[in-house]
Amino acid sequence: MPSKIKILSPDVANKIAAGEVVQRPASVVKELIENAIDAGASRITIKVKDAGKSLIQIVDNGEGMSELDASLAFKRHSTSKIRSAEDLEGIKTMGFRGEALASIAAVSQVELKTRSIEDELATVIRVEGDVLKEKTKASMERGTCILVRNLFYNTPARRNFLKSNQTELRNITDVVSRMALAFPDVEWKYISEDEILFDLKAETLENRVKNIFGQTQFENLLQIDEVTPVARIFGFISKPNFLRRNRAEQFVFLNKRYIYNKMINHAVFQAYESVIERGMFPFFILFLEMDPRKVDVNVHPTKLEVKFENESDVYKTVLTVTRKSLSSNNLIPAVSLKNQNDNLDIQYRDTLNEKEFGEKLRLTGAPIFPLKPLEHLDENLFISAEKESDKIITSVDLVGKTVDTEEIRKEGMETETATGSKPIWQIHNRYIFAQVKSGLLIIDQHVAHERIIYEKVLSTFENSLPSSQQLLFPETIDLGVRDYELVKELLPHLVVLGFDMRLFGKNTVIIEGIPSDVRAGNERRILQEVLDEYRNNENAGVKDVRDNIAKSFACKAAIKSGDKLSVHEMISLIEHLFLTKMPYVCPHGRPIVIRISLEELDKRFGRT
């Protein structure tokens with residue numbers, strides 16, 4: 001009987017192995033930069049074209065390689081970093097597996113040019129699809145230059161899985177940013193399509209953070225530097241008033257190696273637990289320096305994940321150091337409870353969040369939506385008034401002066417029943433209760449306004465008729481590199497949205513006008529939050545750029561849970577809501593309106 005098991009050819013085996021290390025252009029950049037760092041480079045230049053798909057070039061001034069070493073470097077599992085299995089217990093270099101060049105060469109066309117201090121001429125080696133094509137000599141300074149062309153040219157299926165150029169370039173930018181943070185004593189130049197994105201001189205960590213994330217963001221950070229029995233922990237954490245809507249800018253470095261570790265991230269988040277809102281996340285850049293023998297970095301092909309000898313000690317150390325920094329800066333408020341009832345009230349408000357509140361109402365069996373969609377909000381929906389002047393429905397602007405109860409009563413805009421009850425009111429500055437003939441409508445004010453703005457933005461995109469209000473004084477905003485690149489990518493759409501803005505170079509934008517839905521003075525915050533939310537939506541699978549921007553802007557420009565509204569504003573909000581195409585769910589799928597019928601209320605109170 002013939003054997004079913006076959007030995008894979010070296011070509012197939014190499015391509016499979018390459019898939020573990022080389023997942024996208026950013027993977028190539030990461031591996032080659034790590035090699036340059038291990039070679040002792042003090043100056044590294046990264047150049048990409050077509051987001052790395054057609055060209056990646058890494059040039060360093062490290063120690064270079066001899067002709068023999070350059071030839072061996074393309075062999076699988078060839079490395080100068082370790083000699084025995086025992087060496088794996090104390091890895092101090094960025095690379096050690098000996099897979100980078102071999103994996104890259106298996107799926108691309110590679111040219112290596114390198115010269116050590118002992119050689120007069122450089123060695124030039126060209127490899128294509130893991131096959132040596134040429135070996136020659138040339139002149140160059142000491143160091144190494146690697147060109148990677150046509151990534152995945154011989155594995156078209158893998159190439160088809162790559163994202164858009166904008167997405168792949170952002171991934172490369174993320175890699176370069178992390179490496180530049182980890183090694184501030186190295187000069188970095190990063191070029192895309194002949195445009196210089198980074199040009200960083202050797203500097204202190206503080207200045208490196210300023211240059212990458214901007215002066216404004218740096219001023220909202222707290223510095224950490226603590227030596228403990230477990231590890232030295234240093235870096236920066238954000239003040240509680242400077243938070244993000246996603247986890248995109250949370251950086252952890254272990255012995256200068258960027259890692260992803262949920263345990264450390266959770267420890268930092270736990271330290272902030274009592275001082276930040278639900279759904280907000282701190283920005284942090286943390287460096288851990290510890291004995292490499294207490295860490296296993298050989299648990300993942302890309303070396304992104306690590307395993308600690310004692311995770312509990314590391315968790316407690318990070319938590320304690322972060323809390324100490326927050327408390328020493330007088331940022332954690334002291335809370336005193338007067339009595340047991342206060343305690344119960346606090347527990348109630350902490351545990352009964354929006355999602356649970358909605359779920360509790362759904363459990364009652366009350367229908368979430370009216371049976372038929374409403375084309376508009378009918379005046380007769382509300383309990384009718386005796387006077388024409390007391391009608392509840394009017395058209396007023398959402399943004400305006402808050403009118404107190406006495407003013408409303410004088411203007412005849414508030415109708416009261418014989419028992420003094422009101423047909424529309426707000427509770428906890430979060431939900432709007434509207435008394436209707438059939439019972440009660442409960443409206444989430446934030447997501448209601450979000451739906452209104454979302455459809456308005458989509459209409460603006462469709463008709464290309466931006467509505468912008470000019471600022472009296474233009475606002476200059478310093479952005480981090482990642483945010484600046486995203487603004488460049490989204491600029492045409494942001495202009496249609498109503499942002500009158502221009503790029504000023506060196507990660508700076510000037511805003512001269514803002515969308516009509518944004519109040520003057522909030523342009524910096526709104527722009528930053530829109531960028532954060534855009535990334536959140538992109539990670540959640542939102543592919544259409546305009547739809548993503550519309551959702552992001554609507555979420556951040558809408559009135560917030562906690563904003564006090566006048567009766568005028570509540571009425572206008574409801575009226576505009578029921579003029580939208582889908583007034584019952586927000587752009588993210590959350591319910592906007594819950595209806596509880598009078599029959600349901602009677603049933604719950606035992607009246608039937």
# chains A, B, ... in the order shown; residues from 1 in each chain; ligands from 1
>>> select_by_dssp(residues="region 83-294 of chain A", states="strand (DSSP E)", output="VMD selection string")
chain A and resid 109 to 115 122 to 128 131 to 138 143 to 149 187 to 192 195 to 200 221 to 227 232 to 238 243 to 244 250 to 254 257 to 259 281 to 282 284 to 289
>>> write_last_selection(atoms="C-alpha atoms", output="mmCIF file, in the first residue's frame")
data_model
loop_
_atom_site.group_PDB
_atom_site.id
_atom_site.type_symbol
_atom_site.label_atom_id
_atom_site.label_comp_id
_atom_site.auth_asym_id
_atom_site.auth_seq_id
_atom_site.Cartn_x
_atom_site.Cartn_y
_atom_site.Cartn_z
ATOM 1 C CA GLN A 109 12.843 39.555 -4.255
ATOM 2 C CA VAL A 110 15.612 40.591 -1.855
ATOM 3 C CA GLU A 111 18.858 42.439 -2.360
ATOM 4 C CA LEU A 112 21.330 42.554 0.531
ATOM 5 C CA LYS A 113 24.271 44.952 0.469
ATOM 6 C CA THR A 114 26.537 44.880 3.515
ATOM 7 C CA ARG A 115 30.098 45.698 4.588
ATOM 8 C CA ALA A 122 30.636 45.372 0.342
ATOM 9 C CA THR A 123 29.016 42.043 -0.471
ATOM 10 C CA VAL A 124 25.897 42.202 -2.647
ATOM 11 C CA ILE A 125 23.546 39.197 -2.688
ATOM 12 C CA ARG A 126 20.307 38.926 -4.662
ATOM 13 C CA VAL A 127 17.792 36.259 -3.714
ATOM 14 C CA GLU A 128 14.458 35.670 -5.421
ATOM 15 C CA VAL A 131 16.815 31.082 -4.784
ATOM 16 C CA LEU A 132 20.250 32.733 -4.934
ATOM 17 C CA LYS A 133 20.418 34.752 -8.157
ATOM 18 C CA GLU A 134 23.638 36.767 -7.850
ATOM 19 C CA LYS A 135 26.595 37.499 -5.576
ATOM 20 C CA THR A 136 28.837 40.458 -6.385
ATOM 21 C CA LYS A 137 30.971 43.187 -4.791
ATOM 22 C CA ALA A 138 30.345 46.920 -4.544
ATOM 23 C CA GLY A 143 26.580 48.940 7.531
ATOM 24 C CA THR A 144 23.765 47.132 5.778
ATOM 25 C CA CYS A 145 21.178 48.012 3.142
ATOM 26 C CA ILE A 146 18.331 45.600 2.417
ATOM 27 C CA LEU A 147 15.813 46.049 -0.394
ATOM 28 C CA VAL A 148 12.666 43.924 -0.446
ATOM 29 C CA ARG A 149 10.708 44.134 -3.695
ATOM 30 C CA GLU A 187 18.374 58.412 14.692
ATOM 31 C CA TRP A 188 15.337 57.496 12.590
ATOM 32 C CA LYS A 189 14.270 58.582 9.132
ATOM 33 C CA TYR A 190 11.040 57.183 7.720
ATOM 34 C CA ILE A 191 10.080 57.926 4.102
ATOM 35 C CA SER A 192 6.945 56.957 2.169
ATOM 36 C CA GLU A 195 7.724 62.073 1.663
ATOM 37 C CA ILE A 196 9.563 62.203 4.997
ATOM 38 C CA LEU A 197 7.206 61.107 7.779
ATOM 39 C CA PHE A 198 9.856 60.847 10.514
ATOM 40 C CA ASP A 199 13.199 62.564 10.845
ATOM 41 C CA LEU A 200 14.175 62.032 14.473
ATOM 42 C CA LEU A 221 1.137 62.813 30.811
ATOM 43 C CA LEU A 222 2.553 61.823 34.176
ATOM 44 C CA GLN A 223 6.077 60.420 34.358
ATOM 45 C CA ILE A 224 6.818 57.122 36.101
ATOM 46 C CA ASP A 225 10.190 55.766 37.189
ATOM 47 C CA GLU A 226 10.210 53.164 39.947
ATOM 48 C CA VAL A 227 12.702 50.427 40.795
ATOM 49 C CA ARG A 232 12.235 48.719 36.938
ATOM 50 C CA ILE A 233 9.156 50.423 35.523
ATOM 51 C CA PHE A 234 9.409 53.787 33.804
ATOM 52 C CA GLY A 235 7.603 55.769 31.151
ATOM 53 C CA PHE A 236 4.420 57.847 31.004
ATOM 54 C CA ILE A 237 0.736 57.495 31.856
ATOM 55 C CA SER A 238 -2.043 59.916 30.998
ATOM 56 C CA LEU A 243 -8.391 59.653 28.041
ATOM 57 C CA ARG A 244 -9.097 57.907 24.754
ATOM 58 C CA GLN A 250 -1.194 51.760 24.917
ATOM 59 C CA PHE A 251 2.442 50.743 24.643
ATOM 60 C CA VAL A 252 4.274 48.178 26.750
ATOM 61 C CA PHE A 253 7.974 47.441 26.216
ATOM 62 C CA LEU A 254 9.805 44.612 27.934
ATOM 63 C CA ARG A 257 10.896 44.814 23.010
ATOM 64 C CA TYR A 258 7.325 45.916 22.198
ATOM 65 C CA ILE A 259 4.894 43.320 23.518
ATOM 66 C CA PHE A 281 -9.110 54.180 28.339
ATOM 67 C CA PRO A 282 -5.824 55.683 29.524
ATOM 68 C CA PHE A 284 0.381 54.958 28.495
ATOM 69 C CA ILE A 285 3.931 54.142 27.463
ATOM 70 C CA LEU A 286 5.475 51.722 29.945
ATOM 71 C CA PHE A 287 8.948 50.218 29.895
ATOM 72 C CA LEU A 288 9.731 47.176 32.024
ATOM 73 C CA GLU A 289 13.336 46.209 32.610
#
>>> residues_around(residues="region 28-45 of chain A", least_positions_apart="5", cutoff="10 Å", atoms="only C-alpha atoms", output="PyMOL selection string")
chain A and resi 21-23+52+56-65+80-81+92-96+99-101+103-104+143-146+148+151+171-176+178-180+183-191+198-202+257+302
>>> write_last_selection(atoms="C-alpha atoms", output="PDB file, in the first residue's frame")
ATOM      1  CA  VAL A  21       6.678  35.473  10.377  1.00  0.00           C
ATOM      2  CA  VAL A  22       5.792  37.590   7.325  1.00  0.00           C
ATOM      3  CA  GLN A  23       2.118  38.440   7.504  1.00  0.00           C
ATOM      4  CA  GLY A  52       5.642  48.345   1.292  1.00  0.00           C
ATOM      5  CA  ILE A  56      10.816  48.203   1.451  1.00  0.00           C
ATOM      6  CA  GLN A  57      14.322  49.526   2.038  1.00  0.00           C
ATOM      7  CA  ILE A  58      16.129  49.504   5.381  1.00  0.00           C
ATOM      8  CA  VAL A  59      19.543  51.164   5.663  1.00  0.00           C
ATOM      9  CA  ASP A  60      21.622  51.111   8.871  1.00  0.00           C
ATOM     10  CA  ASN A  61      25.133  52.033   9.983  1.00  0.00           C
ATOM     11  CA  GLY A  62      25.594  48.922  12.114  1.00  0.00           C
ATOM     12  CA  GLU A  63      28.561  46.572  12.143  1.00  0.00           C
ATOM     13  CA  GLY A  64      27.651  44.952   8.823  1.00  0.00           C
ATOM     14  CA  MET A  65      28.502  41.402   7.715  1.00  0.00           C
ATOM     15  CA  SER A  80      24.467  34.931  15.511  1.00  0.00           C
ATOM     16  CA  LYS A  81      22.314  35.575  18.573  1.00  0.00           C
ATOM     17  CA  LYS A  92      18.926  40.005  25.349  1.00  0.00           C
ATOM     18  CA  THR A  93      18.730  40.670  21.603  1.00  0.00           C
ATOM     19  CA  MET A  94      15.698  41.684  19.540  1.00  0.00           C
ATOM     20  CA  GLY A  95      16.028  38.724  17.182  1.00  0.00           C
ATOM     21  CA  PHE A  96      17.226  35.189  17.797  1.00  0.00           C
ATOM     22  CA  GLU A  99      13.979  33.119  10.456  1.00  0.00           C
ATOM     23  CA  ALA A 100      13.663  36.732   9.326  1.00  0.00           C
ATOM     24  CA  LEU A 101      15.766  36.883   6.151  1.00  0.00           C
ATOM     25  CA  SER A 103      11.181  33.934   5.509  1.00  0.00           C
ATOM     26  CA  ILE A 104      11.285  37.274   3.706  1.00  0.00           C
ATOM     27  CA  GLY A 143      26.580  48.940   7.531  1.00  0.00           C
ATOM     28  CA  THR A 144      23.765  47.132   5.778  1.00  0.00           C
ATOM     29  CA  CYS A 145      21.178  48.012   3.142  1.00  0.00           C
ATOM     30  CA  ILE A 146      18.331  45.600   2.417  1.00  0.00           C
ATOM     31  CA  VAL A 148      12.666  43.924  -0.446  1.00  0.00           C
ATOM     32  CA  LEU A 151       6.282  41.151  -1.496  1.00  0.00           C
ATOM     33  CA  ASN A 171       0.620  49.434  10.251  1.00  0.00           C
ATOM     34  CA  ILE A 172       4.159  50.240   9.124  1.00  0.00           C
ATOM     35  CA  THR A 173       3.964  53.629  10.830  1.00  0.00           C
ATOM     36  CA  ASP A 174       2.893  51.897  14.032  1.00  0.00           C
ATOM     37  CA  VAL A 175       5.939  49.604  13.874  1.00  0.00           C
ATOM     38  CA  VAL A 176       8.367  52.472  13.230  1.00  0.00           C
ATOM     39  CA  ARG A 178       7.150  51.756  18.529  1.00  0.00           C
ATOM     40  CA  MET A 179      10.766  51.118  17.601  1.00  0.00           C
ATOM     41  CA  ALA A 180      11.536  54.838  17.736  1.00  0.00           C
ATOM     42  CA  PHE A 183      15.270  53.367  21.083  1.00  0.00           C
ATOM     43  CA  PRO A 184      15.317  57.163  21.470  1.00  0.00           C
ATOM     44  CA  ASP A 185      19.136  57.107  21.289  1.00  0.00           C
ATOM     45  CA  VAL A 186      18.902  56.020  17.627  1.00  0.00           C
ATOM     46  CA  GLU A 187      18.374  58.412  14.692  1.00  0.00           C
ATOM     47  CA  TRP A 188      15.337  57.496  12.590  1.00  0.00           C
ATOM     48  CA  LYS A 189      14.270  58.582   9.132  1.00  0.00           C
ATOM     49  CA  TYR A 190      11.040  57.183   7.720  1.00  0.00           C
ATOM     50  CA  ILE A 191      10.080  57.926   4.102  1.00  0.00           C
ATOM     51  CA  PHE A 198       9.856  60.847  10.514  1.00  0.00           C
ATOM     52  CA  ASP A 199      13.199  62.564  10.845  1.00  0.00           C
ATOM     53  CA  LEU A 200      14.175  62.032  14.473  1.00  0.00           C
ATOM     54  CA  LYS A 201      17.580  62.766  15.926  1.00  0.00           C
ATOM     55  CA  ALA A 202      19.011  60.858  18.882  1.00  0.00           C
ATOM     56  CA  ARG A 257      10.896  44.814  23.010  1.00  0.00           C
ATOM     57  CA  THR A 302       6.585  37.224  15.836  1.00  0.00           C
TER      58      THR A 302
END
>>> closest_residue(among="A:His588, A:Phe213, A:Asn429, A:Ser177", to="Ala540 (chain A)", atoms="only C-alpha atoms")
A:His588
>>> residues_around(residues="Gly129 (chain A)", least_positions_apart="3", cutoff="8 Å", atoms="only C-alpha atoms", output="VMD selection string")
chain A and resid 105 to 109 154
>>> write_last_selection(atoms="N, CA and C atoms", output="compact mmCIF listing (two decimals), in the first residue's frame")
# COMPACT_ATOMS: atom_id res chain seq x y z
N ALA A 105 12.88 36.25 2.15
CA ALA A 105 13.38 35.87 0.83
C ALA A 105 12.50 34.83 0.16
N ALA A 106 11.76 34.04 0.96
CA ALA A 106 10.91 32.99 0.38
C ALA A 106 9.71 33.56 -0.35
N VAL A 107 9.31 34.82 -0.04
CA VAL A 107 8.09 35.37 -0.63
C VAL A 107 8.33 36.73 -1.28
N SER A 108 9.58 37.03 -1.63
CA SER A 108 9.87 38.32 -2.25
C SER A 108 11.18 38.27 -3.01
N GLN A 109 11.55 39.40 -3.58
CA GLN A 109 12.84 39.56 -4.26
C GLN A 109 13.71 40.46 -3.38
N ASN A 154 5.15 35.64 -5.44
CA ASN A 154 5.00 34.23 -5.79
C ASN A 154 3.94 33.53 -4.97
>>> residues_around(residues="Asp313 (chain A)", least_positions_apart="3", cutoff="12 Å", atoms="only C-alpha atoms", output="PDB file with N, CA and C atoms, in the first residue's frame")
ATOM      1  N   THR A 228      11.701  48.338  41.530  1.00  0.00           N
ATOM      2  CA  THR A 228      11.111  47.398  42.477  1.00  0.00           C
ATOM      3  C   THR A 228      11.888  46.088  42.433  1.00  0.00           C
ATOM      4  N   PRO A 229      11.669  45.194  43.390  1.00  0.00           N
ATOM      5  CA  PRO A 229      12.345  43.891  43.349  1.00  0.00           C
ATOM      6  C   PRO A 229      12.006  43.081  42.103  1.00  0.00           C
ATOM      7  N   VAL A 230      10.849  43.351  41.505  1.00  0.00           N
ATOM      8  CA  VAL A 230      10.428  42.583  40.325  1.00  0.00           C
ATOM      9  C   VAL A 230      11.005  43.176  39.049  1.00  0.00           C
ATOM     10  N   ALA A 231      10.938  44.499  38.902  1.00  0.00           N
ATOM     11  CA  ALA A 231      11.383  45.139  37.664  1.00  0.00           C
ATOM     12  C   ALA A 231      11.516  46.641  37.884  1.00  0.00           C
ATOM     13  N   MET A 263      -2.494  41.096  30.613  1.00  0.00           N
ATOM     14  CA  MET A 263      -2.361  41.182  32.058  1.00  0.00           C
ATOM     15  C   MET A 263      -1.813  42.546  32.491  1.00  0.00           C
ATOM     16  N   ILE A 264      -0.781  43.032  31.793  1.00  0.00           N
ATOM     17  CA  ILE A 264      -0.208  44.337  32.135  1.00  0.00           C
ATOM     18  C   ILE A 264      -1.196  45.449  31.807  1.00  0.00           C
ATOM     19  N   ALA A 267      -3.739  45.638  34.481  1.00  0.00           N
ATOM     20  CA  ALA A 267      -3.206  46.205  35.721  1.00  0.00           C
ATOM     21  C   ALA A 267      -3.237  47.734  35.671  1.00  0.00           C
ATOM     22  N   LYS A 294      13.805  35.526  33.684  1.00  0.00           N
ATOM     23  CA  LYS A 294      12.478  35.385  34.287  1.00  0.00           C
ATOM     24  C   LYS A 294      11.360  35.586  33.266  1.00  0.00           C
ATOM     25  N   PHE A 308       5.702  35.375  31.567  1.00  0.00           N
ATOM     26  CA  PHE A 308       6.473  35.735  32.755  1.00  0.00           C
ATOM     27  C   PHE A 308       6.560  34.538  33.694  1.00  0.00           C
ATOM     28  N   GLU A 309       7.678  34.468  34.408  1.00  0.00           N
ATOM     29  CA  GLU A 309       7.857  33.394  35.377  1.00  0.00           C
ATOM     30  C   GLU A 309       6.838  33.513  36.501  1.00  0.00           C
ATOM     31  N   ASN A 310       6.554  34.747  36.922  1.00  0.00           N
ATOM     32  CA  ASN A 310       5.559  34.976  37.973  1.00  0.00           C
ATOM     33  C   ASN A 310       4.677  36.142  37.552  1.00  0.00           C
ATOM     34  N   LYS A 316       0.874  42.831  40.147  1.00  0.00           N
ATOM     35  CA  LYS A 316       0.786  43.651  41.359  1.00  0.00           C
ATOM     36  C   LYS A 316       1.761  44.826  41.308  1.00  0.00           C
ATOM     37  N   THR A 317       2.937  44.589  40.737  1.00  0.00           N
ATOM     38  CA  THR A 317       3.935  45.656  40.657  1.00  0.00           C
ATOM     39  C   THR A 317       3.467  46.783  39.747  1.00  0.00           C
ATOM     40  N   VAL A 318       2.968  46.438  38.564  1.00  0.00           N
ATOM     41  CA  VAL A 318       2.481  47.451  37.624  1.00  0.00           C
ATOM     42  C   VAL A 318       1.298  48.206  38.230  1.00  0.00           C
ATOM     43  N   LEU A 319       0.385  47.484  38.866  1.00  0.00           N
ATOM     44  CA  LEU A 319      -0.787  48.113  39.488  1.00  0.00           C
ATOM     45  C   LEU A 319      -0.359  49.092  40.579  1.00  0.00           C
ATOM     46  N   THR A 320       0.555  48.662  41.441  1.00  0.00           N
ATOM     47  CA  THR A 320       0.991  49.499  42.558  1.00  0.00           C
ATOM     48  C   THR A 320       1.718  50.747  42.077  1.00  0.00           C
TER      49      THR A 320
END
>>> residues_around(residues="Leu598 (chain A)", least_positions_apart="5", cutoff="9 Å", atoms="only C-alpha atoms", output="MDAnalysis selection string")
chainID A and resid 437:440 603
>>> atom_distance(atom1="CA of Ala558 (chain A)", atom2="CA of His449 (chain A)")
5.4 Å
>>> select_by_dssp(residues="region 116-290 of chain A", states="alpha helix (DSSP H)", output="ChimeraX atom specification")
/A:156-160,165-182,205-213,215-218,262-272
>>> write_last_selection(atoms="C-alpha atoms", output="short mmCIF file (atom, residue, chain, number, x, y, z; two decimals), in the first residue's frame")
data_model
loop_
_atom_site.label_atom_id
_atom_site.label_comp_id
_atom_site.auth_asym_id
_atom_site.auth_seq_id
_atom_site.Cartn_x
_atom_site.Cartn_y
_atom_site.Cartn_z
CA PRO A 156 -0.70 35.83 -5.01
CA ALA A 157 -3.34 34.50 -2.62
CA ARG A 158 -1.42 35.99 0.30
CA ARG A 159 -1.05 39.30 -1.54
CA ASN A 160 -4.79 39.45 -2.12
CA ASN A 165 -2.41 51.06 1.04
CA GLN A 166 -3.62 53.45 3.73
CA THR A 167 -4.18 50.61 6.20
CA GLU A 168 -0.88 48.87 5.44
CA LEU A 169 1.02 52.16 5.69
CA ARG A 170 -0.55 52.86 9.07
CA ASN A 171 0.62 49.43 10.25
CA ILE A 172 4.16 50.24 9.12
CA THR A 173 3.96 53.63 10.83
CA ASP A 174 2.89 51.90 14.03
CA VAL A 175 5.94 49.60 13.87
CA VAL A 176 8.37 52.47 13.23
CA SER A 177 6.78 54.57 16.01
CA ARG A 178 7.15 51.76 18.53
CA MET A 179 10.77 51.12 17.60
CA ALA A 180 11.54 54.84 17.74
CA LEU A 181 10.01 54.99 21.23
CA ALA A 182 11.98 51.98 22.40
CA LEU A 205 12.77 59.60 25.85
CA GLU A 206 10.84 62.73 26.90
CA ASN A 207 11.70 64.56 23.67
CA ARG A 208 11.00 61.44 21.62
CA VAL A 209 7.50 61.22 23.08
CA LYS A 210 6.95 64.94 22.33
CA ASN A 211 8.10 64.52 18.72
CA ILE A 212 5.93 61.48 18.04
CA PHE A 213 2.74 62.43 19.91
CA GLN A 215 3.49 68.79 22.79
CA THR A 216 -0.18 68.95 23.78
CA GLN A 217 -0.42 65.24 24.47
CA PHE A 218 2.89 65.25 26.33
CA LYS A 262 -3.46 41.70 28.47
CA MET A 263 -2.36 41.18 32.06
CA ILE A 264 -0.21 44.34 32.14
CA ASN A 265 -2.84 46.38 30.29
CA HIS A 266 -5.46 45.27 32.81
CA ALA A 267 -3.21 46.20 35.72
CA VAL A 268 -2.88 49.77 34.40
CA PHE A 269 -6.60 50.02 33.70
CA GLN A 270 -7.38 48.73 37.19
CA ALA A 271 -5.31 51.56 38.68
CA TYR A 272 -7.57 54.07 36.89
#
>>> atom_distance(atom1="CA of Gly562 (chain A)", atom2="CA of Ile427 (chain A)")
9.5 Å
>>> residues_around(residues="Arg430 (chain A)", least_positions_apart="5", cutoff="9 Å", atoms="only C-alpha atoms", output="VMD selection string")
chain A and resid 443 to 446 560 to 564
>>> closest_residue(among="A:Val495, A:Leu503, A:Pro292, A:Gly214", to="Gly480 (chain A)", atoms="only C-alpha atoms")
A:Gly214
>>> closest_residue(among="A:Glu475, A:Tyr534, A:Glu450, A:Ile571", to="Asp517 (chain A)", atoms="only C-alpha atoms")
A:Glu450
>>> atom_distance(atom1="CA of Glu538 (chain A)", atom2="CA of Val481 (chain A)")
18.3 Å
>>> closest_residue(among="A:Ser459, A:Gln469, A:Asn150, A:Ser572", to="Ala51 (chain A)", atoms="only C-alpha atoms")
A:Asn150
>>> closest_residue(among="A:Tyr315, A:Tyr584, A:Phe242, A:Phe553", to="Leu458 (chain A)", atoms="only C-alpha atoms")
A:Phe553
>>> residues_around(residues="Val518 (chain A)", least_positions_apart="3", cutoff="12 Å", atoms="only C-alpha atoms", output="VMD selection string")
chain A and resid 398 to 399 453 467 to 471 497 to 499 513 to 515 521 to 527 530 553 to 559
>>> closest_residue(among="A:Ser139, A:Arg607, A:Val545, A:Asp194", to="Lys47 (chain A)", atoms="only C-alpha atoms")
A:Asp194
>>> decode(residues="region 500-511 of chain A", atoms="N, CA and C atoms", output="CSV table (one decimal), in the first residue's frame")
chain,number,residue,atom,x,y,z
A,500,ASP,N,-13.1,73.1,7.9
A,500,ASP,CA,-12.2,73.9,7.0
A,500,ASP,C,-10.8,73.9,7.6
A,501,MET,N,-10.0,73.0,7.1
A,501,MET,CA,-8.7,72.8,7.7
A,501,MET,C,-7.6,72.5,6.6
A,502,ARG,N,-6.4,72.8,7.0
A,502,ARG,CA,-5.3,72.5,6.1
A,502,ARG,C,-4.1,72.0,6.9
A,503,LEU,N,-3.3,71.2,6.2
A,503,LEU,CA,-2.1,70.6,6.8
A,503,LEU,C,-1.0,71.6,6.8
A,504,PHE,N,-0.3,71.7,7.9
A,504,PHE,CA,0.7,72.7,8.1
A,504,PHE,C,2.1,72.1,8.2
A,505,GLY,N,2.2,70.8,8.0
A,505,GLY,CA,3.5,70.1,8.1
A,505,GLY,C,3.9,69.8,9.5
A,506,LYS,N,4.8,68.9,9.7
A,506,LYS,CA,5.4,68.5,11.0
A,506,LYS,C,4.2,68.1,12.0
A,507,ASN,N,3.3,67.3,11.4
A,507,ASN,CA,2.2,66.8,12.2
A,507,ASN,C,1.3,67.9,12.8
A,508,THR,N,1.2,69.0,12.1
A,508,THR,CA,0.3,70.1,12.6
A,508,THR,C,-0.8,70.4,11.5
A,509,VAL,N,-2.0,70.6,12.0
A,509,VAL,CA,-3.1,71.0,11.2
A,509,VAL,C,-3.7,72.3,11.7
A,510,ILE,N,-4.2,73.2,10.8
A,510,ILE,CA,-4.8,74.4,11.2
A,510,ILE,C,-6.3,74.3,10.8
A,511,ILE,N,-7.1,74.5,11.8
A,511,ILE,CA,-8.6,74.5,11.6
A,511,ILE,C,-9.1,75.9,11.6
